Amino acid sequence: MNQELDWPRIAHLLKIGIAAALMVLAGDMLLGWGMHDPAKGGLEGFLSAYLTLSDGRFFWSALLGLITCC
């Protein structure tokens, strides 16, 4: 095995990893910003945040997740 590191390849893979992490962050931000109903308790209260989100936000969040996982 070669003892020297391939720095250009490492830098390229690091750039790809950072770009994928930013895409995942964008998808999580699209899905994660919702207002939950404090009047509801338990799991129902946490899931109430997703009732007000548009279909477009779900779609773009899922698409970004699909692109970055593959």
# chains A, B, ... in the order shown; residues from 1 in each chain; ligands from 1
$ residues_around --residues "segment 55-65 of chain A" --least-positions-apart "5" --cutoff "8 Å" --atoms "only C-alpha atoms" --output "list of chain:residue names"
A:Met23, A:Val24, A:Ala26, A:Gly27, A:Asp28, A:Leu30, A:Leu31
$ write_last_selection --atoms "N, CA and C atoms" --output "CSV table (one decimal), in the first residue's frame"
chain,number,residue,atom,x,y,z
A,23,MET,N,-26.6,20.6,1.6
A,23,MET,CA,-27.9,20.3,1.0
A,23,MET,C,-28.8,19.6,2.0
A,24,VAL,N,-28.2,18.8,2.9
A,24,VAL,CA,-29.0,18.1,3.9
A,24,VAL,C,-29.5,19.2,4.9
A,26,ALA,N,-30.1,22.3,4.3
A,26,ALA,CA,-31.2,23.1,3.6
A,26,ALA,C,-32.5,22.3,3.6
A,27,GLY,N,-32.4,21.0,3.4
A,27,GLY,CA,-33.7,20.2,3.4
A,27,GLY,C,-34.2,20.1,4.8
A,28,ASP,N,-33.4,20.0,5.8
A,28,ASP,CA,-33.9,20.0,7.2
A,28,ASP,C,-34.5,21.3,7.6
A,30,LEU,N,-36.0,23.4,5.6
A,30,LEU,CA,-37.3,23.5,4.9
A,30,LEU,C,-38.4,22.7,5.7
A,31,LEU,N,-38.0,21.6,6.2
A,31,LEU,CA,-39.0,20.7,6.9
A,31,LEU,C,-39.1,21.1,8.4
$ residues_around --residues "segment 7-20 of chain A" --least-positions-apart "3" --cutoff "9 Å" --atoms "only C-alpha atoms" --output "list in words"
Glu4, Met23, Val24, Leu25, Ile67, Thr68 and Cys69 of chain A
$ write_last_selection --atoms "all heavy atoms" --output "PDB file, in the first residue's frame"
ATOM      1  N   GLU A   4       2.029   7.457   0.889  1.00  0.00           N
ATOM      2  CA  GLU A   4       1.773   8.883   0.694  1.00  0.00           C
ATOM      3  C   GLU A   4       0.285   9.119   0.485  1.00  0.00           C
ATOM      4  O   GLU A   4      -0.403   8.336  -0.158  1.00  0.00           O
ATOM      5  CB  GLU A   4       2.558   9.389  -0.501  1.00  0.00           C
ATOM      6  CG  GLU A   4       4.057   9.344  -0.292  1.00  0.00           C
ATOM      7  CD  GLU A   4       4.802   9.889  -1.488  1.00  0.00           C
ATOM      8  OE1 GLU A   4       4.205  10.649  -2.270  1.00  0.00           O
ATOM      9  OE2 GLU A   4       5.971   9.539  -1.630  1.00  0.00           O
ATOM     10  N   MET A  23     -26.567  20.644   1.624  1.00  0.00           N
ATOM     11  CA  MET A  23     -27.851  20.296   1.016  1.00  0.00           C
ATOM     12  C   MET A  23     -28.778  19.634   2.031  1.00  0.00           C
ATOM     13  O   MET A  23     -29.983  19.902   2.058  1.00  0.00           O
ATOM     14  CB  MET A  23     -27.634  19.390  -0.188  1.00  0.00           C
ATOM     15  CG  MET A  23     -27.040  20.118  -1.368  1.00  0.00           C
ATOM     16  SD  MET A  23     -26.631  19.060  -2.747  1.00  0.00           S
ATOM     17  CE  MET A  23     -28.221  18.463  -3.241  1.00  0.00           C
ATOM     18  N   VAL A  24     -28.228  18.782   2.871  1.00  0.00           N
ATOM     19  CA  VAL A  24     -29.023  18.149   3.923  1.00  0.00           C
ATOM     20  C   VAL A  24     -29.514  19.209   4.908  1.00  0.00           C
ATOM     21  O   VAL A  24     -30.669  19.180   5.347  1.00  0.00           O
ATOM     22  CB  VAL A  24     -28.212  17.051   4.640  1.00  0.00           C
ATOM     23  CG1 VAL A  24     -28.892  16.600   5.905  1.00  0.00           C
ATOM     24  CG2 VAL A  24     -27.992  15.880   3.716  1.00  0.00           C
ATOM     25  N   LEU A  25     -28.657  20.159   5.245  1.00  0.00           N
ATOM     26  CA  LEU A  25     -29.055  21.242   6.145  1.00  0.00           C
ATOM     27  C   LEU A  25     -30.206  22.040   5.551  1.00  0.00           C
ATOM     28  O   LEU A  25     -31.167  22.369   6.251  1.00  0.00           O
ATOM     29  CB  LEU A  25     -27.870  22.144   6.438  1.00  0.00           C
ATOM     30  CG  LEU A  25     -28.164  23.364   7.306  1.00  0.00           C
ATOM     31  CD1 LEU A  25     -28.540  22.932   8.724  1.00  0.00           C
ATOM     32  CD2 LEU A  25     -26.979  24.303   7.327  1.00  0.00           C
ATOM     33  N   ILE A  67     -31.280  13.318  -3.153  1.00  0.00           N
ATOM     34  CA  ILE A  67     -30.069  13.628  -3.905  1.00  0.00           C
ATOM     35  C   ILE A  67     -28.830  13.398  -3.043  1.00  0.00           C
ATOM     36  O   ILE A  67     -27.835  12.840  -3.504  1.00  0.00           O
ATOM     37  CB  ILE A  67     -30.113  15.074  -4.421  1.00  0.00           C
ATOM     38  CG1 ILE A  67     -31.167  15.210  -5.511  1.00  0.00           C
ATOM     39  CG2 ILE A  67     -28.749  15.503  -4.954  1.00  0.00           C
ATOM     40  CD1 ILE A  67     -31.453  16.628  -5.917  1.00  0.00           C
ATOM     41  N   THR A  68     -28.872  13.800  -1.786  1.00  0.00           N
ATOM     42  CA  THR A  68     -27.681  13.717  -0.951  1.00  0.00           C
ATOM     43  C   THR A  68     -27.425  12.310  -0.406  1.00  0.00           C
ATOM     44  O   THR A  68     -26.301  12.013  -0.040  1.00  0.00           O
ATOM     45  CB  THR A  68     -27.761  14.705   0.219  1.00  0.00           C
ATOM     46  OG1 THR A  68     -28.964  14.485   0.949  1.00  0.00           O
ATOM     47  CG2 THR A  68     -27.721  16.122  -0.282  1.00  0.00           C
ATOM     48  N   CYS A  69     -28.432  11.466  -0.373  1.00  0.00           N
ATOM     49  CA  CYS A  69     -28.172  10.117   0.157  1.00  0.00           C
ATOM     50  C   CYS A  69     -27.576   9.192  -0.903  1.00  0.00           C
ATOM     51  O   CYS A  69     -26.991   8.173  -0.567  1.00  0.00           O
ATOM     52  CB  CYS A  69     -29.437   9.515   0.742  1.00  0.00           C
ATOM     53  SG  CYS A  69     -30.560   8.797  -0.463  1.00  0.00           S
TER      54      CYS A  69
END
$ select_by_dssp --residues "segment 8-70 of chain A" --states "alpha helix (DSSP H)" --output "ChimeraX atom specification"
/A:8-32,42-47,55-69
$ write_last_selection --atoms "N, CA and C atoms" --output "CSV table (one decimal), in the first residue's frame"
chain,number,residue,atom,x,y,z
A,8,PRO,N,-4.9,15.9,-3.5
A,8,PRO,CA,-6.0,16.4,-4.4
A,8,PRO,C,-7.3,15.6,-4.3
A,9,ARG,N,-7.2,14.2,-4.2
A,9,ARG,CA,-8.4,13.4,-4.0
A,9,ARG,C,-9.0,13.7,-2.7
A,10,ILE,N,-8.3,13.8,-1.6
A,10,ILE,CA,-8.9,14.1,-0.3
A,10,ILE,C,-9.6,15.4,-0.3
A,11,ALA,N,-9.0,16.4,-0.9
A,11,ALA,CA,-9.6,17.8,-1.0
A,11,ALA,C,-10.9,17.7,-1.8
A,12,HIS,N,-10.9,16.9,-2.9
A,12,HIS,CA,-12.1,16.8,-3.8
A,12,HIS,C,-13.2,16.1,-3.0
A,13,LEU,N,-12.9,15.0,-2.3
A,13,LEU,CA,-13.9,14.3,-1.5
A,13,LEU,C,-14.5,15.2,-0.4
A,14,LEU,N,-13.6,16.0,0.2
A,14,LEU,CA,-14.0,16.8,1.3
A,14,LEU,C,-15.0,17.9,0.8
A,15,LYS,N,-14.7,18.4,-0.4
A,15,LYS,CA,-15.6,19.4,-1.0
A,15,LYS,C,-17.0,18.8,-1.3
A,16,ILE,N,-17.0,17.6,-1.8
A,16,ILE,CA,-18.3,16.9,-2.0
A,16,ILE,C,-19.0,16.6,-0.7
A,17,GLY,N,-18.3,16.2,0.3
A,17,GLY,CA,-19.0,16.0,1.6
A,17,GLY,C,-19.5,17.3,2.2
A,18,ILE,N,-18.8,18.4,2.1
A,18,ILE,CA,-19.4,19.7,2.6
A,18,ILE,C,-20.6,20.1,1.8
A,19,ALA,N,-20.5,19.9,0.5
A,19,ALA,CA,-21.7,20.3,-0.3
A,19,ALA,C,-22.9,19.4,0.0
A,20,ALA,N,-22.7,18.2,0.2
A,20,ALA,CA,-23.8,17.3,0.6
A,20,ALA,C,-24.4,17.6,2.0
A,21,ALA,N,-23.5,18.0,2.9
A,21,ALA,CA,-23.9,18.4,4.3
A,21,ALA,C,-24.8,19.7,4.2
A,22,LEU,N,-24.4,20.6,3.3
A,22,LEU,CA,-25.2,21.9,3.2
A,22,LEU,C,-26.5,21.6,2.6
A,23,MET,N,-26.6,20.6,1.6
A,23,MET,CA,-27.9,20.3,1.0
A,23,MET,C,-28.8,19.6,2.0
A,24,VAL,N,-28.2,18.8,2.9
A,24,VAL,CA,-29.0,18.1,3.9
A,24,VAL,C,-29.5,19.2,4.9
A,25,LEU,N,-28.7,20.2,5.2
A,25,LEU,CA,-29.1,21.2,6.1
A,25,LEU,C,-30.2,22.0,5.6
A,26,ALA,N,-30.1,22.3,4.3
A,26,ALA,CA,-31.2,23.1,3.6
A,26,ALA,C,-32.5,22.3,3.6
A,27,GLY,N,-32.4,21.0,3.4
A,27,GLY,CA,-33.7,20.2,3.4
A,27,GLY,C,-34.2,20.1,4.8
A,28,ASP,N,-33.4,20.0,5.8
A,28,ASP,CA,-33.9,20.0,7.2
A,28,ASP,C,-34.5,21.3,7.6
A,29,MET,N,-33.9,22.4,7.2
A,29,MET,CA,-34.5,23.7,7.5
A,29,MET,C,-35.8,23.9,6.8
A,30,LEU,N,-36.0,23.4,5.6
A,30,LEU,CA,-37.3,23.5,4.9
A,30,LEU,C,-38.4,22.7,5.7
A,31,LEU,N,-38.0,21.6,6.2
A,31,LEU,CA,-39.0,20.7,6.9
A,31,LEU,C,-39.1,21.1,8.4
A,32,GLY,N,-38.0,21.6,9.0
A,32,GLY,CA,-38.0,21.8,10.4
A,32,GLY,C,-38.7,23.0,10.9
A,42,GLY,N,-48.1,15.9,24.1
A,42,GLY,CA,-47.4,14.7,23.7
A,42,GLY,C,-47.0,14.7,22.2
A,43,LEU,N,-47.1,13.5,21.6
A,43,LEU,CA,-46.6,13.4,20.2
A,43,LEU,C,-47.5,14.2,19.3
A,44,GLU,N,-48.8,14.3,19.6
A,44,GLU,CA,-49.7,15.0,18.8
A,44,GLU,C,-49.3,16.5,18.7
A,45,GLY,N,-48.8,17.0,19.7
A,45,GLY,CA,-48.4,18.4,19.7
A,45,GLY,C,-47.2,18.6,18.8
A,46,PHE,N,-46.2,17.7,18.9
A,46,PHE,CA,-45.0,17.8,18.0
A,46,PHE,C,-45.4,17.6,16.6
A,47,LEU,N,-46.3,16.7,16.3
A,47,LEU,CA,-46.6,16.4,14.9
A,47,LEU,C,-47.5,17.5,14.3
A,55,ASP,N,-47.2,21.5,0.6
A,55,ASP,CA,-46.7,20.3,-0.1
A,55,ASP,C,-45.3,20.5,-0.8
A,56,GLY,N,-45.1,21.8,-1.3
A,56,GLY,CA,-43.9,22.1,-1.9
A,56,GLY,C,-42.7,22.0,-1.0
A,57,ARG,N,-42.9,22.4,0.3
A,57,ARG,CA,-41.8,22.2,1.3
A,57,ARG,C,-41.5,20.8,1.5
A,58,PHE,N,-42.5,19.9,1.6
A,58,PHE,CA,-42.3,18.5,1.8
A,58,PHE,C,-41.5,17.9,0.6
A,59,PHE,N,-41.9,18.3,-0.6
A,59,PHE,CA,-41.3,17.8,-1.9
A,59,PHE,C,-39.9,18.2,-1.9
A,60,TRP,N,-39.5,19.5,-1.7
A,60,TRP,CA,-38.2,19.9,-1.9
A,60,TRP,C,-37.3,19.4,-0.8
A,61,SER,N,-37.8,19.2,0.4
A,61,SER,CA,-37.0,18.6,1.5
A,61,SER,C,-36.7,17.1,1.1
A,62,ALA,N,-37.7,16.4,0.6
A,62,ALA,CA,-37.5,15.0,0.3
A,62,ALA,C,-36.6,14.9,-0.9
A,63,LEU,N,-36.7,15.8,-1.9
A,63,LEU,CA,-35.8,15.7,-3.0
A,63,LEU,C,-34.3,16.0,-2.7
A,64,LEU,N,-34.1,17.0,-1.8
A,64,LEU,CA,-32.7,17.2,-1.3
A,64,LEU,C,-32.2,16.0,-0.5
A,65,GLY,N,-33.0,15.4,0.3
A,65,GLY,CA,-32.6,14.2,1.0
A,65,GLY,C,-32.3,13.1,0.0
A,66,LEU,N,-33.1,12.9,-1.0
A,66,LEU,CA,-32.8,11.9,-2.0
A,66,LEU,C,-31.5,12.1,-2.8
A,67,ILE,N,-31.3,13.3,-3.2
A,67,ILE,CA,-30.1,13.6,-3.9
A,67,ILE,C,-28.8,13.4,-3.0
A,68,THR,N,-28.9,13.8,-1.8
A,68,THR,CA,-27.7,13.7,-1.0
A,68,THR,C,-27.4,12.3,-0.4
A,69,CYS,N,-28.4,11.5,-0.4
A,69,CYS,CA,-28.2,10.1,0.2
A,69,CYS,C,-27.6,9.2,-0.9
$ atom_distance --atom1 "atom CA of Pro38 of chain A" --atom2 "atom CA of Leu53 of chain A"
16.7 Å
$ decode --residues "segment 40-63 of chain A" --atoms "N, CA and C atoms" --output "PDB file, in the first residue's frame"
ATOM      1  N   LYS A  40     -51.919  21.169  22.356  1.00  0.00           N
ATOM      2  CA  LYS A  40     -51.959  19.717  22.235  1.00  0.00           C
ATOM      3  C   LYS A  40     -50.761  19.138  22.960  1.00  0.00           C
ATOM      4  N   GLY A  41     -50.953  18.043  23.594  1.00  0.00           N
ATOM      5  CA  GLY A  41     -49.887  17.441  24.374  1.00  0.00           C
ATOM      6  C   GLY A  41     -49.270  16.237  23.694  1.00  0.00           C
ATOM      7  N   GLY A  42     -48.094  15.895  24.138  1.00  0.00           N
ATOM      8  CA  GLY A  42     -47.432  14.682  23.687  1.00  0.00           C
ATOM      9  C   GLY A  42     -47.015  14.710  22.236  1.00  0.00           C
ATOM     10  N   LEU A  43     -47.072  13.544  21.629  1.00  0.00           N
ATOM     11  CA  LEU A  43     -46.643  13.389  20.247  1.00  0.00           C
ATOM     12  C   LEU A  43     -47.540  14.159  19.290  1.00  0.00           C
ATOM     13  N   GLU A  44     -48.812  14.257  19.617  1.00  0.00           N
ATOM     14  CA  GLU A  44     -49.749  14.992  18.769  1.00  0.00           C
ATOM     15  C   GLU A  44     -49.349  16.462  18.653  1.00  0.00           C
ATOM     16  N   GLY A  45     -48.849  17.033  19.731  1.00  0.00           N
ATOM     17  CA  GLY A  45     -48.402  18.422  19.702  1.00  0.00           C
ATOM     18  C   GLY A  45     -47.184  18.623  18.828  1.00  0.00           C
ATOM     19  N   PHE A  46     -46.243  17.669  18.871  1.00  0.00           N
ATOM     20  CA  PHE A  46     -45.049  17.783  18.040  1.00  0.00           C
ATOM     21  C   PHE A  46     -45.374  17.586  16.557  1.00  0.00           C
ATOM     22  N   LEU A  47     -46.279  16.678  16.259  1.00  0.00           N
ATOM     23  CA  LEU A  47     -46.629  16.419  14.865  1.00  0.00           C
ATOM     24  C   LEU A  47     -47.545  17.476  14.277  1.00  0.00           C
ATOM     25  N   SER A  48     -48.156  18.314  15.112  1.00  0.00           N
ATOM     26  CA  SER A  48     -49.044  19.356  14.606  1.00  0.00           C
ATOM     27  C   SER A  48     -48.282  20.416  13.815  1.00  0.00           C
ATOM     28  N   ALA A  49     -46.978  20.507  13.981  1.00  0.00           N
ATOM     29  CA  ALA A  49     -46.187  21.479  13.221  1.00  0.00           C
ATOM     30  C   ALA A  49     -46.210  21.170  11.733  1.00  0.00           C
ATOM     31  N   TYR A  50     -46.375  19.918  11.365  1.00  0.00           N
ATOM     32  CA  TYR A  50     -46.327  19.527   9.958  1.00  0.00           C
ATOM     33  C   TYR A  50     -47.669  19.686   9.253  1.00  0.00           C
ATOM     34  N   LEU A  51     -48.725  20.020   9.981  1.00  0.00           N
ATOM     35  CA  LEU A  51     -50.030  20.220   9.351  1.00  0.00           C
ATOM     36  C   LEU A  51     -50.081  21.511   8.553  1.00  0.00           C
ATOM     37  N   THR A  52     -49.291  22.505   8.939  1.00  0.00           N
ATOM     38  CA  THR A  52     -49.331  23.808   8.274  1.00  0.00           C
ATOM     39  C   THR A  52     -48.313  23.939   7.148  1.00  0.00           C
ATOM     40  N   LEU A  53     -47.453  22.945   6.962  1.00  0.00           N
ATOM     41  CA  LEU A  53     -46.439  23.021   5.908  1.00  0.00           C
ATOM     42  C   LEU A  53     -47.060  22.734   4.548  1.00  0.00           C
ATOM     43  N   SER A  54     -46.547  23.428   3.541  1.00  0.00           N
ATOM     44  CA  SER A  54     -47.073  23.218   2.193  1.00  0.00           C
ATOM     45  C   SER A  54     -46.489  21.942   1.587  1.00  0.00           C
ATOM     46  N   ASP A  55     -47.162  21.464   0.554  1.00  0.00           N
ATOM     47  CA  ASP A  55     -46.682  20.271  -0.145  1.00  0.00           C
ATOM     48  C   ASP A  55     -45.345  20.536  -0.821  1.00  0.00           C
ATOM     49  N   GLY A  56     -45.139  21.753  -1.257  1.00  0.00           N
ATOM     50  CA  GLY A  56     -43.879  22.099  -1.908  1.00  0.00           C
ATOM     51  C   GLY A  56     -42.690  21.970  -0.972  1.00  0.00           C
ATOM     52  N   ARG A  57     -42.872  22.359   0.278  1.00  0.00           N
ATOM     53  CA  ARG A  57     -41.779  22.225   1.251  1.00  0.00           C
ATOM     54  C   ARG A  57     -41.464  20.762   1.525  1.00  0.00           C
ATOM     55  N   PHE A  58     -42.492  19.933   1.610  1.00  0.00           N
ATOM     56  CA  PHE A  58     -42.251  18.495   1.773  1.00  0.00           C
ATOM     57  C   PHE A  58     -41.510  17.926   0.562  1.00  0.00           C
ATOM     58  N   PHE A  59     -41.948  18.330  -0.633  1.00  0.00           N
ATOM     59  CA  PHE A  59     -41.333  17.821  -1.856  1.00  0.00           C
ATOM     60  C   PHE A  59     -39.867  18.211  -1.935  1.00  0.00           C
ATOM     61  N   TRP A  60     -39.546  19.498  -1.747  1.00  0.00           N
ATOM     62  CA  TRP A  60     -38.159  19.946  -1.871  1.00  0.00           C
ATOM     63  C   TRP A  60     -37.274  19.364  -0.784  1.00  0.00           C
ATOM     64  N   SER A  61     -37.809  19.194   0.404  1.00  0.00           N
ATOM     65  CA  SER A  61     -37.039  18.575   1.471  1.00  0.00           C
ATOM     66  C   SER A  61     -36.734  17.118   1.142  1.00  0.00           C
ATOM     67  N   ALA A  62     -37.721  16.406   0.633  1.00  0.00           N
ATOM     68  CA  ALA A  62     -37.514  15.004   0.260  1.00  0.00           C
ATOM     69  C   ALA A  62     -36.566  14.880  -0.929  1.00  0.00           C
ATOM     70  N   LEU A  63     -36.666  15.789  -1.887  1.00  0.00           N
ATOM     71  CA  LEU A  63     -35.786  15.747  -3.048  1.00  0.00           C
ATOM     72  C   LEU A  63     -34.332  16.009  -2.652  1.00  0.00           C
TER      73      LEU A  63
END
